Amino acid sequence: MCFTILCFLICWIVGAIAVASNPSPFFGALGLVAVAGVGCGVLVEFGSPFLALILFLIYLGGMLVVFAYSAALAAEPYPESWVDSTVLIYMACYTVGVVVVSSKFWHEWVGGLSGSADEWGPFTVMRADHDGVAVMYSEGGWMLIVGAGVLLLTLFVVLELTRGLSRGTLRAV
């Protein structure tokens with residue numbers, strides 16, 4: 001269990017480095033999908049598969065909209081890939097930064113990986129997943145409203161950025 005979570009977290013860090021170091025939205029979106037999948041895998045390992053599924057679907061739906069608009073803005077015939085020299089230099093710098101920071105906090109992080117929520121007790125009636133979804137909608141309802149407002153504001157900002165010269169969102173690039 002701990003080994004699987006550790007592998008997921010290492011894959012998450014590698015995916016985040018790939019997203020941060022790539023200037024092309026095409027490869028960045030691929031990295032974001034990988035990071036979202038690995039993050040939801042961590043949630044599944046900690047005992048909340050329903051929440052992981054919902055987050056993955058919502059995240060991919062929102063990211064699809066943002067990717068469509070950013071791909072429309074960055075119409076490059078030959079975008080930079082992960083094996084270009086500038087991107088490899090950025091990846092090396094970010095990797096060195098992650099290794100330096102993680103070496104300082106390694107023992108605190110590894111000590112927190114103690115097991116999943118299903119291992120809390122053999123006689124539990126409800127899984128932690130069901131309780132977590134109920135708490136998310138009861139006590140975290142205001143956060144859902146704030147998140148919906150932020151996503152709506154983001155949609156308007158992206159529409160304004162891609163508007164062009166008074167031609168609406170459809171324009172020739």
# chains A, B, ... in the order shown; residues from 1 in each chain; ligands from 1

$ residues_around --residues "range 40-42 of chain A" --least-positions-apart "5" --cutoff "7 Å" --atoms "only C-alpha atoms" --output "list in words"
Ile5, Phe8, Ala52 and Phe56 of chain A

$ residues_around --residues "Cys7 in chain A" --least-positions-apart "3" --cutoff "12 Å" --atoms "only C-alpha atoms" --output "JSON, numbers by chain"
{"A": [1, 2, 3, 4, 10, 11, 12, 13, 14, 38, 39, 41, 42, 45, 110, 113]}

$ residues_around --residues "Ile17 in chain A" --least-positions-apart "5" --cutoff "8 Å" --atoms "only C-alpha atoms" --output "PDB file with C-alpha atoms, in the first residue's frame"
ATOM      1  CA  MET A  91      13.078  19.930 -16.585  1.00  0.00           C
ATOM      2  CA  TYR A  94      12.883  21.774 -11.751  1.00  0.00           C
ATOM      3  CA  THR A  95      14.044  18.251 -10.917  1.00  0.00           C
TER       4      THR A  95
END

$ atom_distance --atom1 "CA of Val87 in chain A" --atom2 "CA of Pro23 in chain A"
8.0 Å

$ closest_residue --among "A:Leu151, A:Leu159, A:Cys93, A:Val83" --to "Phe27 in chain A" --atoms "only C-alpha atoms"
A:Val83

$ atom_distance --atom1 "CA of Val44 in chain A" --atom2 "CA of Ala16 in chain A"
19.4 Å
